[in-house]
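J.: Input: one structure, supplied below.
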Protein chains: 2
Amino acid sequence: MSENEVPSQLEEIPEVECRHLLALHRLGRLAVVVEGHPQIFPLNYALDDRLIVFRTAPGTKLTFAPMSRVAFEIDDYDPSIRGGWSVMVQGVAEEITGALDRISEAARKLPVSPLAPGQREHWLAVRPTRITGRRFRLAAGGEQQ
Amino acid sequence: MSENEVPSQLEEIPEVECRHLLALHRLGRLAVVVEGHPQIFPLNYALDDRLIVFRTAPGTKLTFAPMSRVAFEIDDYDPSIRGGWSVMVQGVAEEITGALDRISEAARKLPVSPLAPGQREHWLAVRPTRITGRRFRLAAGGEQQ
């Protein structure tokens, strides 16, 4: 490590800031447990006050996520400041495609735009039970901790 | 969708090409199951012929990954071709910090360079049982499927 680098430890991101980061991004990864085995899928999502919302086609996510514990994660790394962060949402997924409650109806109006091709007519939502985040920065000059 | 966009479906990436992508990258995400609940962690890794190798400090990964089923995922998206891909490794993790077999000794010589600060003196390896990948490209001009 060169002399002008100040190592800082991993720092927890407050939940309110985690939610802000979730609102700013569109691409994350969902982990579901399939018969005891975790799997990870990248997907595009939207956030409302309460829910992580995404669309999917019939497949592993639709079969195994609803009514199950899942994790959703976003992260980023900026080489210019050698800084990175990640936010993880833990919670239970549910299918809201046909749900008539006001929260689900509002969630289905969110601008969820999958980058990948294909029909994705099923709406899934993750209701967070825990939102955590971490960040670090190995600052070379500039703002330092 | 505008006229000059040719939608292509999701395409499977052959395993040999998945391994090539894994060899080219350094940052991925690990999913572990903690008492039935999946969690996702970004981390830096290296690949040898057989193993995904990374370093960690005492914590959730070290407590829950060894001898358990995990998933490891890398992905990328290129806005210029509106194309993306992801590769997922499923397998069992093990701690190889003190393992004396030749494979583990070789794995511990890999250049695993965590971006995040902090001591990471424990070596973990994921032995793949399944490697899968998918890609898509919404080509606007140029090479099309």
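To be explicit about the labels: the chains of the structure tokens are called A, B, and onward in the order shown, and within each one the residues are counted from 1, while ligands get numbers from 1 in the order they are shown.
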Report as an mmCIF file with C-alpha atoms, in the first residue's frame all protein, DNA and RNA residues lying within 6 Å of segment 12-25 of chain B, evaluated on only C-alpha atoms, omitting residues in the same chain fewer than 5 positions from it.
T.:
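The result, stored in part-v2.cif:
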data_model
loop_
_atom_site.group_PDB
_atom_site.id
_atom_site.type_symbol
_atom_site.label_atom_id
_atom_site.label_comp_id
_atom_site.auth_asym_id
_atom_site.auth_seq_id
_atom_site.Cartn_x
_atom_site.Cartn_y
_atom_site.Cartn_z
ATOM 1 C CA LEU B 47 -10.349 -19.188 -10.556
ATOM 2 C CA GLY B 133 -24.847 -19.017 -18.101
ATOM 3 C CA ARG B 134 -27.238 -16.915 -20.105
#
J.: Identify all chain B residues at most 6 Å from chain A by counting only C-alpha atoms; ligands do not count. Present them as a PyMOL selection string.
T.: chain B and resi 9+37-39+69-71+117
J.: Save the residues we just selected, C-alpha atoms, as a compact mmCIF listing (two decimals), in the first residue's frame?
T.:
# COMPACT_ATOMS: atom_id res chain seq x y z
CA GLN B 9 -34.10 -14.35 -26.86
CA HIS B 37 -32.46 -17.62 4.78
CA PRO B 38 -30.32 -16.76 1.74
CA GLN B 39 -27.81 -13.93 1.94
CA ARG B 69 -24.34 -25.53 -0.79
CA VAL B 70 -23.62 -22.08 -2.17
CA ALA B 71 -24.08 -20.17 -5.42
CA PRO B 117 -10.08 -3.30 3.42
J.: What's the separation between atom CA of Val53 of chain A and atom CA of Leu110 of chain A, in Å to one decimal place?
T.: 7.9 Å
J.: Where in segment 18-144 of chain B does DSSP assign helix (DSSP H, G or I), given as a PyMOL selection string?
T.: chain B and resi 18-24+60-64+102-107
J.: Considering only C-alpha atoms, state which residue in the set A:Arg102, A:His122, A:Arg127, A:Lys109 is at the smallest distance from Lys61 of chain A.
T.: A:His122
J.: Can you check which residues of chain A DSSP gives as strand (DSSP E) on the backbone and send them as a ChimeraX atom specification?
T.: /A:5-6,11-12,27-34,37-44,46-47,52-56,69-78,83-95,122-137,139-140
J.: Using only C-alpha atoms, find the one residue out of A:Asp101, A:Glu35, A:Glu11, A:Glu121 that sits nearest to Phe64 of chain A.
T.: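 That would be A:Glu35, the residue with the smallest distance to Phe64 of chain A.
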